[in-house]
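K.L.:
I am sharing data-v1.csv, which consists of CSV, N, CA and C atoms and all ligand atoms:
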chain,number,residue,atom,x,y,z
A,1,MET,N,-5.1,-10.0,-12.2
A,1,MET,CA,-5.4,-11.4,-12.0
A,1,MET,C,-5.6,-11.7,-10.5
A,2,TYR,N,-6.6,-12.5,-10.2
A,2,TYR,CA,-6.8,-12.9,-8.8
A,2,TYR,C,-5.9,-14.1,-8.4
A,3,HIS,N,-5.2,-13.9,-7.3
A,3,HIS,CA,-4.4,-15.0,-6.8
A,3,HIS,C,-5.1,-15.6,-5.6
A,4,HIS,N,-5.3,-16.9,-5.7
A,4,HIS,CA,-6.0,-17.6,-4.6
A,4,HIS,C,-5.1,-17.6,-3.4
A,5,LEU,N,-3.9,-18.0,-3.6
A,5,LEU,CA,-2.9,-18.0,-2.5
A,5,LEU,C,-1.9,-16.9,-2.8
A,6,THR,N,-1.8,-15.9,-2.0
A,6,THR,CA,-1.1,-14.7,-2.4
A,6,THR,C,0.4,-14.7,-2.2
A,7,LYS,N,0.8,-15.4,-1.2
A,7,LYS,CA,2.2,-15.5,-0.9
A,7,LYS,C,2.5,-16.6,0.2
A,8,ILE,N,3.7,-17.0,0.4
A,8,ILE,CA,4.0,-17.8,1.5
A,8,ILE,C,4.0,-16.9,2.7
A,9,GLU,N,3.1,-17.1,3.7
A,9,GLU,CA,3.0,-16.2,4.8
A,9,GLU,C,4.1,-16.5,5.8
A,10,HIS,N,4.3,-17.8,6.1
A,10,HIS,CA,5.5,-18.2,6.9
A,10,HIS,C,5.8,-19.7,6.8
A,11,LEU,N,6.9,-20.1,7.3
A,11,LEU,CA,7.2,-21.5,7.4
A,11,LEU,C,7.1,-21.8,8.9
A,12,GLY,N,6.5,-23.0,9.2
A,12,GLY,CA,6.4,-23.4,10.6
A,12,GLY,C,7.4,-24.5,10.8
A,13,ILE,N,8.2,-24.4,11.9
A,13,ILE,CA,9.3,-25.3,12.2
A,13,ILE,C,9.0,-25.9,13.6
A,14,ALA,N,8.9,-27.3,13.6
A,14,ALA,CA,8.7,-28.0,14.9
A,14,ALA,C,10.0,-28.1,15.7
A,15,VAL,N,9.9,-27.7,16.9
A,15,VAL,CA,11.1,-27.8,17.8
A,15,VAL,C,10.8,-28.4,19.1
A,16,LYS,N,11.9,-29.0,19.7
A,16,LYS,CA,11.7,-29.6,21.0
A,16,LYS,C,11.6,-28.5,22.1
A,17,SER,N,12.5,-27.6,22.0
A,17,SER,CA,12.6,-26.5,23.1
A,17,SER,C,12.6,-25.2,22.4
A,18,LEU,N,11.5,-24.5,22.7
A,18,LEU,CA,11.4,-23.1,22.1
A,18,LEU,C,12.5,-22.2,22.6
A,19,GLU,N,12.8,-22.4,23.9
A,19,GLU,CA,13.9,-21.6,24.5
A,19,GLU,C,15.2,-21.8,23.7
A,20,GLN,N,15.6,-23.0,23.5
A,20,GLN,CA,16.9,-23.3,22.8
A,20,GLN,C,16.8,-22.9,21.4
A,21,SER,N,15.7,-23.1,20.7
A,21,SER,CA,15.6,-22.8,19.3
A,21,SER,C,15.5,-21.3,19.1
A,22,ASN,N,14.9,-20.6,20.1
A,22,ASN,CA,14.9,-19.1,20.0
A,22,ASN,C,16.3,-18.6,20.0
A,23,THR,N,17.1,-19.2,20.9
A,23,THR,CA,18.5,-18.7,20.9
A,23,THR,C,19.2,-19.0,19.6
A,24,LEU,N,19.0,-20.2,19.1
A,24,LEU,CA,19.6,-20.6,17.8
A,24,LEU,C,19.2,-19.7,16.6
A,25,TYR,N,17.9,-19.5,16.5
A,25,TYR,CA,17.4,-18.7,15.4
A,25,TYR,C,17.7,-17.2,15.6
A,26,THR,N,17.9,-16.8,16.8
A,26,THR,CA,18.4,-15.4,17.0
A,26,THR,C,19.8,-15.2,16.5
A,27,LYS,N,20.6,-16.3,16.6
A,27,LYS,CA,22.0,-16.3,16.0
A,27,LYS,C,21.9,-16.4,14.5
A,28,ILE,N,21.0,-17.2,14.0
A,28,ILE,CA,21.0,-17.4,12.5
A,28,ILE,C,20.4,-16.2,11.8
A,29,LEU,N,19.4,-15.6,12.4
A,29,LEU,CA,18.7,-14.5,11.7
A,29,LEU,C,19.2,-13.2,12.1
A,30,GLY,N,19.9,-13.1,13.2
A,30,GLY,CA,20.5,-11.9,13.7
A,30,GLY,C,19.5,-11.0,14.4
A,31,VAL,N,18.3,-11.5,14.6
A,31,VAL,CA,17.3,-10.7,15.4
A,31,VAL,C,16.5,-11.6,16.3
A,32,PRO,N,16.1,-11.1,17.4
A,32,PRO,CA,15.3,-12.0,18.4
A,32,PRO,C,13.9,-12.1,17.8
A,33,PRO,N,13.1,-13.1,18.4
A,33,PRO,CA,11.7,-13.2,18.0
A,33,PRO,C,10.9,-11.9,18.3
A,34,TYR,N,10.0,-11.6,17.4
A,34,TYR,CA,9.2,-10.4,17.7
A,34,TYR,C,8.0,-10.7,18.5
A,35,LYS,N,7.7,-12.0,18.7
A,35,LYS,CA,6.5,-12.3,19.4
A,35,LYS,C,6.6,-13.8,19.9
A,36,GLU,N,6.0,-14.0,21.1
A,36,GLU,CA,5.8,-15.4,21.5
A,36,GLU,C,4.4,-15.5,21.9
A,37,GLU,N,3.8,-16.7,21.6
A,37,GLU,CA,2.3,-16.8,21.8
A,37,GLU,C,2.0,-18.2,22.0
A,38,GLU,N,1.1,-18.5,23.0
A,38,GLU,CA,0.6,-19.9,23.1
A,38,GLU,C,-0.7,-20.0,22.5
A,39,VAL,N,-0.9,-21.1,21.7
A,39,VAL,CA,-2.2,-21.4,21.2
A,39,VAL,C,-2.7,-22.7,21.9
A,40,VAL,N,-3.6,-22.4,22.9
A,40,VAL,CA,-4.0,-23.5,23.8
A,40,VAL,C,-4.7,-24.6,23.0
A,41,SER,N,-5.6,-24.2,22.1
A,41,SER,CA,-6.4,-25.2,21.4
A,41,SER,C,-5.5,-26.1,20.5
A,42,GLU,N,-4.3,-25.7,20.1
A,42,GLU,CA,-3.5,-26.5,19.3
A,42,GLU,C,-2.4,-27.2,20.1
A,43,GLY,N,-2.3,-26.9,21.4
A,43,GLY,CA,-1.3,-27.5,22.3
A,43,GLY,C,0.1,-27.0,21.9
A,44,VAL,N,0.3,-25.8,21.5
A,44,VAL,CA,1.6,-25.3,21.1
A,44,VAL,C,1.9,-23.9,21.7
A,45,ARG,N,3.2,-23.7,21.9
A,45,ARG,CA,3.8,-22.4,22.1
A,45,ARG,C,4.6,-22.0,20.9
A,46,THR,N,4.4,-20.8,20.4
A,46,THR,CA,5.1,-20.4,19.2
A,46,THR,C,5.9,-19.2,19.4
A,47,SER,N,6.9,-19.0,18.6
A,47,SER,CA,7.6,-17.7,18.5
A,47,SER,C,7.7,-17.4,17.0
A,48,PHE,N,7.8,-16.1,16.8
A,48,PHE,CA,7.8,-15.6,15.4
A,48,PHE,C,9.1,-14.7,15.2
A,49,PHE,N,9.7,-15.0,14.0
A,49,PHE,CA,10.9,-14.2,13.7
A,49,PHE,C,10.7,-13.6,12.3
A,50,ARG,N,11.3,-12.5,12.0
A,50,ARG,CA,11.3,-11.9,10.7
A,50,ARG,C,12.7,-12.2,10.1
A,51,ALA,N,12.7,-12.6,8.8
A,51,ALA,CA,13.9,-12.6,8.0
A,51,ALA,C,13.6,-11.7,6.8
A,52,GLY,N,14.0,-10.5,6.9
A,52,GLY,CA,13.5,-9.6,5.8
A,52,GLY,C,12.0,-9.5,5.8
A,53,LEU,N,11.5,-9.8,4.6
A,53,LEU,CA,10.0,-9.7,4.4
A,53,LEU,C,9.4,-11.0,4.9
A,54,ASN,N,10.2,-12.0,5.2
A,54,ASN,CA,9.6,-13.3,5.5
A,54,ASN,C,9.5,-13.6,6.9
A,55,LYS,N,8.6,-14.6,7.3
A,55,LYS,CA,8.4,-14.9,8.7
A,55,LYS,C,8.7,-16.4,8.9
A,56,ILE,N,9.2,-16.7,10.0
A,56,ILE,CA,9.5,-18.1,10.5
A,56,ILE,C,8.7,-18.2,11.8
A,57,GLU,N,8.0,-19.3,11.9
A,57,GLU,CA,7.3,-19.6,13.1
A,57,GLU,C,7.9,-20.9,13.7
A,58,LEU,N,8.4,-20.8,15.0
A,58,LEU,CA,8.8,-22.0,15.7
A,58,LEU,C,7.7,-22.5,16.6
A,59,LEU,N,7.5,-23.8,16.6
A,59,LEU,CA,6.4,-24.4,17.4
A,59,LEU,C,6.9,-25.5,18.3
A,60,GLN,N,6.6,-25.4,19.6
A,60,GLN,CA,6.9,-26.4,20.6
A,60,GLN,C,5.6,-26.9,21.2
A,61,ALA,N,5.6,-28.2,21.4
A,61,ALA,CA,4.4,-28.8,22.0
A,61,ALA,C,4.3,-28.4,23.5
A,62,THR,N,3.0,-28.2,23.9
A,62,THR,CA,2.8,-28.0,25.3
A,62,THR,C,2.3,-29.2,26.1
A,63,ASN,N,1.9,-30.2,25.3
A,63,ASN,CA,1.5,-31.5,25.9
A,63,ASN,C,1.8,-32.6,25.0
A,64,PRO,N,1.8,-33.9,25.5
A,64,PRO,CA,2.2,-35.0,24.7
A,64,PRO,C,1.2,-35.4,23.6
A,65,ASP,N,0.0,-34.8,23.6
A,65,ASP,CA,-1.0,-35.1,22.6
A,65,ASP,C,-1.0,-34.1,21.5
A,66,SER,N,-0.2,-33.1,21.7
A,66,SER,CA,-0.1,-32.0,20.7
A,66,SER,C,0.3,-32.5,19.3
A,67,PRO,N,-0.2,-32.0,18.2
A,67,PRO,CA,0.3,-32.4,16.9
A,67,PRO,C,1.8,-32.3,16.7
A,68,ILE,N,2.3,-31.3,17.4
A,68,ILE,CA,3.8,-31.0,17.3
A,68,ILE,C,4.6,-32.1,18.0
A,69,ALA,N,4.1,-32.6,19.1
A,69,ALA,CA,4.7,-33.7,19.8
A,69,ALA,C,4.7,-35.0,18.9
A,70,LYS,N,3.6,-35.2,18.3
A,70,LYS,CA,3.5,-36.4,17.4
A,70,LYS,C,4.3,-36.3,16.2
A,71,PHE,N,4.4,-35.1,15.7
A,71,PHE,CA,5.2,-34.9,14.5
A,71,PHE,C,6.7,-35.1,14.8
A,72,ILE,N,7.2,-34.6,16.0
A,72,ILE,CA,8.6,-34.8,16.3
A,72,ILE,C,8.9,-36.2,16.6
A,73,GLU,N,7.9,-36.9,17.3
A,73,GLU,CA,8.1,-38.3,17.5
A,73,GLU,C,8.3,-39.1,16.2
A,74,LYS,N,7.6,-38.8,15.2
A,74,LYS,CA,7.7,-39.5,13.9
A,74,LYS,C,8.8,-39.0,13.1
A,75,ARG,N,9.0,-37.7,13.0
A,75,ARG,CA,9.9,-37.2,11.9
A,75,ARG,C,11.0,-36.4,12.5
A,76,GLY,N,11.0,-36.1,13.8
A,76,GLY,CA,12.1,-35.3,14.3
A,76,GLY,C,11.8,-33.8,14.1
A,77,GLU,N,12.7,-33.0,14.7
A,77,GLU,CA,12.6,-31.6,14.5
A,77,GLU,C,12.7,-31.2,13.0
A,78,GLY,N,12.1,-30.1,12.7
A,78,GLY,CA,12.3,-29.6,11.3
A,78,GLY,C,11.1,-28.9,10.8
A,79,ILE,N,11.1,-28.7,9.4
A,79,ILE,CA,9.9,-28.0,8.8
A,79,ILE,C,8.6,-28.8,9.0
A,80,HIS,N,7.7,-28.1,9.6
A,80,HIS,CA,6.4,-28.8,9.9
A,80,HIS,C,5.3,-28.4,8.9
A,81,HIS,N,5.2,-27.1,8.5
A,81,HIS,CA,4.2,-26.7,7.6
A,81,HIS,C,4.6,-25.5,6.8
A,82,VAL,N,3.9,-25.4,5.6
A,82,VAL,CA,4.1,-24.2,4.8
A,82,VAL,C,2.8,-23.5,4.9
A,83,ALA,N,2.8,-22.2,5.3
A,83,ALA,CA,1.6,-21.4,5.4
A,83,ALA,C,1.5,-20.4,4.3
A,84,TYR,N,0.3,-20.4,3.6
A,84,TYR,CA,0.0,-19.5,2.5
A,84,TYR,C,-1.0,-18.5,3.0
A,85,ALA,N,-0.8,-17.2,2.6
A,85,ALA,CA,-1.7,-16.2,2.9
A,85,ALA,C,-2.9,-16.3,1.8
A,86,VAL,N,-4.1,-16.0,2.3
A,86,VAL,CA,-5.3,-16.0,1.5
A,86,VAL,C,-6.1,-14.7,1.9
A,87,GLU,N,-6.9,-14.2,1.0
A,87,GLU,CA,-7.7,-13.1,1.3
A,87,GLU,C,-9.1,-13.5,1.7
A,88,ASP,N,-9.5,-14.6,1.3
A,88,ASP,CA,-10.9,-15.1,1.7
A,88,ASP,C,-10.8,-16.6,2.0
A,89,ILE,N,-10.5,-16.9,3.3
A,89,ILE,CA,-10.2,-18.2,3.7
A,89,ILE,C,-11.4,-19.2,3.4
A,90,LYS,N,-12.6,-18.7,3.7
A,90,LYS,CA,-13.7,-19.6,3.5
A,90,LYS,C,-13.9,-20.0,2.0
A,91,ALA,N,-13.7,-19.0,1.1
A,91,ALA,CA,-13.7,-19.3,-0.3
A,91,ALA,C,-12.7,-20.3,-0.7
A,92,GLU,N,-11.4,-20.1,-0.2
A,92,GLU,CA,-10.3,-21.0,-0.6
A,92,GLU,C,-10.6,-22.4,0.0
A,93,MET,N,-11.1,-22.5,1.2
A,93,MET,CA,-11.4,-23.8,1.8
A,93,MET,C,-12.5,-24.5,0.9
A,94,ALA,N,-13.5,-23.8,0.5
A,94,ALA,CA,-14.5,-24.4,-0.4
A,94,ALA,C,-13.9,-24.8,-1.7
A,95,ARG,N,-13.0,-24.0,-2.3
A,95,ARG,CA,-12.4,-24.3,-3.6
A,95,ARG,C,-11.5,-25.5,-3.5
A,96,LEU,N,-10.7,-25.6,-2.4
A,96,LEU,CA,-9.8,-26.7,-2.3
A,96,LEU,C,-10.5,-28.0,-1.9
A,97,GLU,N,-11.6,-27.9,-1.2
A,97,GLU,CA,-12.4,-29.1,-0.9
A,97,GLU,C,-13.0,-29.6,-2.2
A,98,GLY,N,-13.4,-28.6,-3.1
A,98,GLY,CA,-13.9,-29.0,-4.4
A,98,GLY,C,-12.9,-29.6,-5.3
A,99,GLU,N,-11.6,-29.3,-5.0
A,99,GLU,CA,-10.5,-29.9,-5.8
A,99,GLU,C,-10.1,-31.3,-5.2
A,100,GLY,N,-10.9,-31.7,-4.2
A,100,GLY,CA,-10.6,-33.1,-3.7
A,100,GLY,C,-9.7,-33.1,-2.5
A,101,LEU,N,-9.2,-32.0,-2.0
A,101,LEU,CA,-8.3,-32.0,-0.9
A,101,LEU,C,-9.1,-32.1,0.4
A,102,THR,N,-8.4,-32.6,1.4
A,102,THR,CA,-9.1,-32.8,2.7
A,102,THR,C,-8.7,-31.7,3.7
A,103,LEU,N,-9.7,-31.0,4.2
A,103,LEU,CA,-9.4,-30.0,5.2
A,103,LEU,C,-9.4,-30.6,6.6
A,104,LEU,N,-8.5,-30.2,7.4
A,104,LEU,CA,-8.4,-30.7,8.8
A,104,LEU,C,-9.4,-30.0,9.7
A,105,ASN,N,-9.9,-28.8,9.3
A,105,ASN,CA,-11.0,-28.2,10.1
A,105,ASN,C,-12.0,-27.7,9.1
A,106,THR,N,-13.3,-27.8,9.5
A,106,THR,CA,-14.4,-27.4,8.6
A,106,THR,C,-14.7,-25.9,8.6
A,107,GLN,N,-14.3,-25.3,9.7
A,107,GLN,CA,-14.4,-23.8,9.8
A,107,GLN,C,-13.1,-23.2,10.1
A,108,PRO,N,-12.8,-22.0,9.7
A,108,PRO,CA,-11.5,-21.4,10.0
A,108,PRO,C,-11.4,-21.3,11.6
A,109,LYS,N,-10.2,-21.6,12.0
A,109,LYS,CA,-9.9,-21.5,13.4
A,109,LYS,C,-9.0,-20.3,13.7
A,110,VAL,N,-9.0,-19.8,15.0
A,110,VAL,CA,-8.1,-18.7,15.4
A,110,VAL,C,-6.7,-19.3,15.6
A,111,GLY,N,-5.8,-18.8,14.8
A,111,GLY,CA,-4.4,-19.3,14.9
A,111,GLY,C,-3.5,-18.3,15.6
A,112,ALA,N,-2.2,-18.5,15.6
A,112,ALA,CA,-1.3,-17.6,16.2
A,112,ALA,C,-1.2,-16.3,15.3
A,113,ASP,N,-0.6,-15.3,15.9
A,113,ASP,CA,-0.3,-14.1,15.1
A,113,ASP,C,-1.5,-13.4,14.5
A,114,ASN,N,-2.7,-13.5,15.1
A,114,ASN,CA,-3.9,-12.8,14.7
A,114,ASN,C,-4.4,-13.3,13.3
A,115,LYS,N,-4.4,-14.6,13.1
A,115,LYS,CA,-4.9,-15.1,11.8
A,115,LYS,C,-6.1,-16.1,12.0
A,116,TRP,N,-6.9,-16.1,11.0
A,116,TRP,CA,-7.8,-17.2,10.8
A,116,TRP,C,-7.0,-18.3,10.0
A,117,VAL,N,-7.1,-19.6,10.4
A,117,VAL,CA,-6.3,-20.6,9.8
A,117,VAL,C,-7.1,-21.8,9.5
A,118,CYS,N,-6.6,-22.6,8.5
A,118,CYS,CA,-7.2,-23.9,8.2
A,118,CYS,C,-6.0,-24.7,7.6
A,119,PHE,N,-6.0,-26.0,8.0
A,119,PHE,CA,-4.9,-26.9,7.6
A,119,PHE,C,-5.5,-27.9,6.6
A,120,LEU,N,-4.6,-28.2,5.6
A,120,LEU,CA,-5.0,-29.3,4.6
A,120,LEU,C,-4.2,-30.6,5.0
A,121,HIS,N,-4.9,-31.7,4.9
A,121,HIS,CA,-4.3,-32.9,5.3
A,121,HIS,C,-3.2,-33.3,4.4
A,122,PRO,N,-2.0,-33.6,5.0
A,122,PRO,CA,-0.8,-33.9,4.2
A,122,PRO,C,-0.9,-35.1,3.3
A,123,LYS,N,-1.9,-36.0,3.6
A,123,LYS,CA,-2.1,-37.2,2.7
A,123,LYS,C,-2.5,-36.7,1.3
A,124,GLY,N,-3.2,-35.6,1.2
A,124,GLY,CA,-3.7,-35.1,-0.1
A,124,GLY,C,-2.7,-34.2,-0.7
A,125,THR,N,-1.7,-33.8,-0.1
A,125,THR,CA,-0.8,-32.7,-0.6
A,125,THR,C,0.6,-33.2,-0.9
A,126,GLY,N,0.8,-34.6,-0.9
A,126,GLY,CA,2.1,-35.1,-1.2
A,126,GLY,C,3.0,-35.0,0.0
A,127,GLY,N,2.4,-35.0,1.2
A,127,GLY,CA,3.2,-35.1,2.4
A,127,GLY,C,3.6,-33.9,3.2
A,128,THR,N,3.2,-32.7,2.6
A,128,THR,CA,3.5,-31.4,3.3
A,128,THR,C,2.2,-30.9,3.9
A,129,LEU,N,2.2,-30.6,5.2
A,129,LEU,CA,1.1,-30.0,5.8
A,129,LEU,C,1.0,-28.5,5.3
A,130,ILE,N,-0.1,-28.2,4.8
A,130,ILE,CA,-0.3,-26.8,4.3
A,130,ILE,C,-1.3,-26.1,5.2
A,131,GLU,N,-1.0,-24.8,5.5
A,131,GLU,CA,-1.8,-24.0,6.3
A,131,GLU,C,-2.3,-22.8,5.5
A,132,LEU,N,-3.5,-22.5,5.5
A,132,LEU,CA,-4.0,-21.3,4.9
A,132,LEU,C,-4.2,-20.3,6.0
A,133,CYS,N,-3.8,-19.0,5.8
A,133,CYS,CA,-4.1,-18.0,6.8
A,133,CYS,C,-4.5,-16.7,6.3
A,134,GLN,N,-5.5,-16.2,7.0
A,134,GLN,CA,-6.0,-14.9,6.6
A,134,GLN,C,-5.9,-13.9,7.8
A,135,ASP,N,-5.5,-12.7,7.6
A,135,ASP,CA,-5.5,-11.7,8.6
A,135,ASP,C,-6.8,-11.5,9.3
A,136,ARG,N,-6.8,-11.5,10.6
A,136,ARG,CA,-8.1,-11.2,11.3
A,136,ARG,C,-8.4,-9.7,11.4
A,137,GLY,N,-7.5,-8.9,11.0
A,137,GLY,CA,-7.7,-7.5,10.9
A,137,GLY,C,-7.7,-6.8,12.3
B,201,ZN,ZN,1.8,-21.6,11.0
The structure given in the file should be rewritten as structure tokens.

P.N.:
Amino acid sequence: MYHHLTKIEHLGIAVKSLEQSNTLYTKILGVPPYKEEEVVSEGVRTSFFRAGLNKIELLQATNPDSPIAKFIEKRGEGIHHVAYAVEDIKAEMARLEGEGLTLLNTQPKVGADNKWVCFLHPKGTGGTLIELCQDRG
């Protein structure tokens, strides 16, 4: 059977200070982040942790206009998005648009951790920001 969304790829957590949250998550998960990366186009610095087979992404704003800065202003620190892995992001974007969901970008964008990404507007998803991501290979 074909799975449109193959698994939860990671959870994205908005934080005020990547440095402090890296220390906290290193305590919680028992391992340090395996990667830190800035995504200039999104105005974020990210770090990635493994929890067994699962991944956690911490996101800190790099400027006041960053979506992460706005999120924290409104809702405080915490879970920011759920990212699902897909094998064909363009096909899934077309399918979801056909289902009446609103995409935040019309073309896949380069995201952190070597992925093509697209976000779905939380207004259409019951309040949760959803990210689709496909390995860039
Ligand atoms: Zn993400």

K.L.:
Which distance in Å separates atom CA of Glu73 of chain A and atom CA of Ser17 of chain A, to one decimal?

P.N.:
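We find that atom CA of Glu73 of chain A and atom CA of Ser17 of chain A lie 13.8 Å from each other.
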
K.L.:
Give me the residues near Ala61 of chain A as an mmCIF file with N, CA and C atoms, in the coordinates of the input, where near means some atom within 10 Å (using only C-alpha atoms) and where sequence neighbours in that chain fewer than 3 positions away do not count.

P.N.:
data_model
loop_
_atom_site.group_PDB
_atom_site.id
_atom_site.type_symbol
_atom_site.label_atom_id
_atom_site.label_comp_id
_atom_site.auth_asym_id
_atom_site.auth_seq_id
_atom_site.Cartn_x
_atom_site.Cartn_y
_atom_site.Cartn_z
ATOM 1 N N ALA A 14 8.900 -27.300 13.600
ATOM 2 C CA ALA A 14 8.700 -28.000 14.900
ATOM 3 C C ALA A 14 10.000 -28.100 15.700
ATOM 4 N N VAL A 15 9.900 -27.700 16.900
ATOM 5 C CA VAL A 15 11.100 -27.800 17.800
ATOM 6 C C VAL A 15 10.800 -28.400 19.100
ATOM 7 N N LYS A 16 11.900 -29.000 19.700
ATOM 8 C CA LYS A 16 11.700 -29.600 21.000
ATOM 9 C C LYS A 16 11.600 -28.500 22.100
ATOM 10 N N SER A 17 12.500 -27.600 22.000
ATOM 11 C CA SER A 17 12.600 -26.500 23.100
ATOM 12 C C SER A 17 12.600 -25.200 22.400
ATOM 13 N N LEU A 18 11.500 -24.500 22.700
ATOM 14 C CA LEU A 18 11.400 -23.100 22.100
ATOM 15 C C LEU A 18 12.500 -22.200 22.600
ATOM 16 N N GLU A 38 1.100 -18.500 23.000
ATOM 17 C CA GLU A 38 0.600 -19.900 23.100
ATOM 18 C C GLU A 38 -0.700 -20.000 22.500
ATOM 19 N N VAL A 39 -0.900 -21.100 21.700
ATOM 20 C CA VAL A 39 -2.200 -21.400 21.200
ATOM 21 C C VAL A 39 -2.700 -22.700 21.900
ATOM 22 N N GLU A 42 -4.300 -25.700 20.100
ATOM 23 C CA GLU A 42 -3.500 -26.500 19.300
ATOM 24 C C GLU A 42 -2.400 -27.200 20.100
ATOM 25 N N GLY A 43 -2.300 -26.900 21.400
ATOM 26 C CA GLY A 43 -1.300 -27.500 22.300
ATOM 27 C C GLY A 43 0.100 -27.000 21.900
ATOM 28 N N VAL A 44 0.300 -25.800 21.500
ATOM 29 C CA VAL A 44 1.600 -25.300 21.100
ATOM 30 C C VAL A 44 1.900 -23.900 21.700
ATOM 31 N N ARG A 45 3.200 -23.700 21.900
ATOM 32 C CA ARG A 45 3.800 -22.400 22.100
ATOM 33 C C ARG A 45 4.600 -22.000 20.900
ATOM 34 N N THR A 46 4.400 -20.800 20.400
ATOM 35 C CA THR A 46 5.100 -20.400 19.200
ATOM 36 C C THR A 46 5.900 -19.200 19.400
ATOM 37 N N PRO A 64 1.800 -33.900 25.500
ATOM 38 C CA PRO A 64 2.200 -35.000 24.700
ATOM 39 C C PRO A 64 1.200 -35.400 23.600
ATOM 40 N N ASP A 65 0.000 -34.800 23.600
ATOM 41 C CA ASP A 65 -1.000 -35.100 22.600
ATOM 42 C C ASP A 65 -1.000 -34.100 21.500
ATOM 43 N N SER A 66 -0.200 -33.100 21.700
ATOM 44 C CA SER A 66 -0.100 -32.000 20.700
ATOM 45 C C SER A 66 0.300 -32.500 19.300
ATOM 46 N N PRO A 67 -0.200 -32.000 18.200
ATOM 47 C CA PRO A 67 0.300 -32.400 16.900
ATOM 48 C C PRO A 67 1.800 -32.300 16.700
ATOM 49 N N ILE A 68 2.300 -31.300 17.400
ATOM 50 C CA ILE A 68 3.800 -31.000 17.300
ATOM 51 C C ILE A 68 4.600 -32.100 18.000
ATOM 52 N N ALA A 69 4.100 -32.600 19.100
ATOM 53 C CA ALA A 69 4.700 -33.700 19.800
ATOM 54 C C ALA A 69 4.700 -35.000 18.900
ATOM 55 N N LYS A 70 3.600 -35.200 18.300
ATOM 56 C CA LYS A 70 3.500 -36.400 17.400
ATOM 57 C C LYS A 70 4.300 -36.300 16.200
ATOM 58 N N PHE A 71 4.400 -35.100 15.700
ATOM 59 C CA PHE A 71 5.200 -34.900 14.500
ATOM 60 C C PHE A 71 6.700 -35.100 14.800
ATOM 61 N N ILE A 72 7.200 -34.600 16.000
ATOM 62 C CA ILE A 72 8.600 -34.800 16.300
ATOM 63 C C ILE A 72 8.900 -36.200 16.600
#

K.L.:
7 Å from ligand ZN 201 (chain B) is the threshold here; counting all atoms listed in the file, which polymer residues fall inside it? Answer as a PyMOL selection string.

P.N.:
chain A and resi 10-12+57+81-83+112+131

K.L.:
Convert the current residue selection to file output with N, CA and C atoms, as a PDB file, keeping the file's coordinate frame.

P.N.:
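What landed in selection_18.pdb:
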ATOM      1  N   HIS A  10       4.300 -17.800   6.100  1.00  0.00           N
ATOM      2  CA  HIS A  10       5.500 -18.200   6.900  1.00  0.00           C
ATOM      3  C   HIS A  10       5.800 -19.700   6.800  1.00  0.00           C
ATOM      4  N   LEU A  11       6.900 -20.100   7.300  1.00  0.00           N
ATOM      5  CA  LEU A  11       7.200 -21.500   7.400  1.00  0.00           C
ATOM      6  C   LEU A  11       7.100 -21.800   8.900  1.00  0.00           C
ATOM      7  N   GLY A  12       6.500 -23.000   9.200  1.00  0.00           N
ATOM      8  CA  GLY A  12       6.400 -23.400  10.600  1.00  0.00           C
ATOM      9  C   GLY A  12       7.400 -24.500  10.800  1.00  0.00           C
ATOM     10  N   GLU A  57       8.000 -19.300  11.900  1.00  0.00           N
ATOM     11  CA  GLU A  57       7.300 -19.600  13.100  1.00  0.00           C
ATOM     12  C   GLU A  57       7.900 -20.900  13.700  1.00  0.00           C
ATOM     13  N   HIS A  81       5.200 -27.100   8.500  1.00  0.00           N
ATOM     14  CA  HIS A  81       4.200 -26.700   7.600  1.00  0.00           C
ATOM     15  C   HIS A  81       4.600 -25.500   6.800  1.00  0.00           C
ATOM     16  N   VAL A  82       3.900 -25.400   5.600  1.00  0.00           N
ATOM     17  CA  VAL A  82       4.100 -24.200   4.800  1.00  0.00           C
ATOM     18  C   VAL A  82       2.800 -23.500   4.900  1.00  0.00           C
ATOM     19  N   ALA A  83       2.800 -22.200   5.300  1.00  0.00           N
ATOM     20  CA  ALA A  83       1.600 -21.400   5.400  1.00  0.00           C
ATOM     21  C   ALA A  83       1.500 -20.400   4.300  1.00  0.00           C
ATOM     22  N   ALA A 112      -2.200 -18.500  15.600  1.00  0.00           N
ATOM     23  CA  ALA A 112      -1.300 -17.600  16.200  1.00  0.00           C
ATOM     24  C   ALA A 112      -1.200 -16.300  15.300  1.00  0.00           C
ATOM     25  N   GLU A 131      -1.000 -24.800   5.500  1.00  0.00           N
ATOM     26  CA  GLU A 131      -1.800 -24.000   6.300  1.00  0.00           C
ATOM     27  C   GLU A 131      -2.300 -22.800   5.500  1.00  0.00           C
TER      28      GLU A 131
END

K.L.:
When you draw a straight line from atom N of Gly124 of chain A to atom N of Thr102 of chain A, how long is it in Å?

P.N.:
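The value is 6.0 Å.
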
K.L.:
Can you list every residue in segment 8-118 of chain A that DSSP puts in strand (DSSP E), as JSON, numbers by chain?

P.N.:
{"A": [8, 9, 10, 11, 12, 13, 14, 15, 35, 36, 37, 38, 39, 44, 45, 46, 47, 48, 49, 50, 51, 54, 55, 56, 57, 58, 59, 60, 61, 78, 79, 80, 81, 82, 83, 84, 85, 109, 110, 111, 115, 116, 117, 118]}

K.L.:
May I ask which of the residues A:Leu29, A:Leu5, A:Leu58, A:Ile13 is the closest one to Leu96 of chain A, counting only C-alpha atoms?

P.N.:
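Checking each candidate against Leu96 of chain A, we get A:Leu5 as the closest.
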
K.L.:
Please compute the atom CA of Lys90 of chain A-atom CA of Lys123 of chain A distance, one decimal, in Å.

P.N.:
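About the pair atom CA of Lys90 of chain A and atom CA of Lys123 of chain A: they are 21.1 Å apart.
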
K.L.:
Nearest to Ile89 of chain A among A:Ile8, A:Val40, A:Val117, A:Leu24, with distances taken over only C-alpha atoms: which residue is it?

P.N.:
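Among A:Ile8, A:Val40, A:Val117, A:Leu24, it is A:Val117 that comes nearest to Ile89 of chain A.
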
K.L.:
Between A:Gly127, A:Glu77, A:Gln60, A:Gly98, which residue has the minimum interatomic distance to Glu19 of chain A, considering only N, CA and C atoms?

P.N.:
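Checking each of A:Gly127, A:Glu77, A:Gln60, A:Gly98 against Glu19 of chain A, counting only N, CA and C atoms, the winner is A:Gln60.
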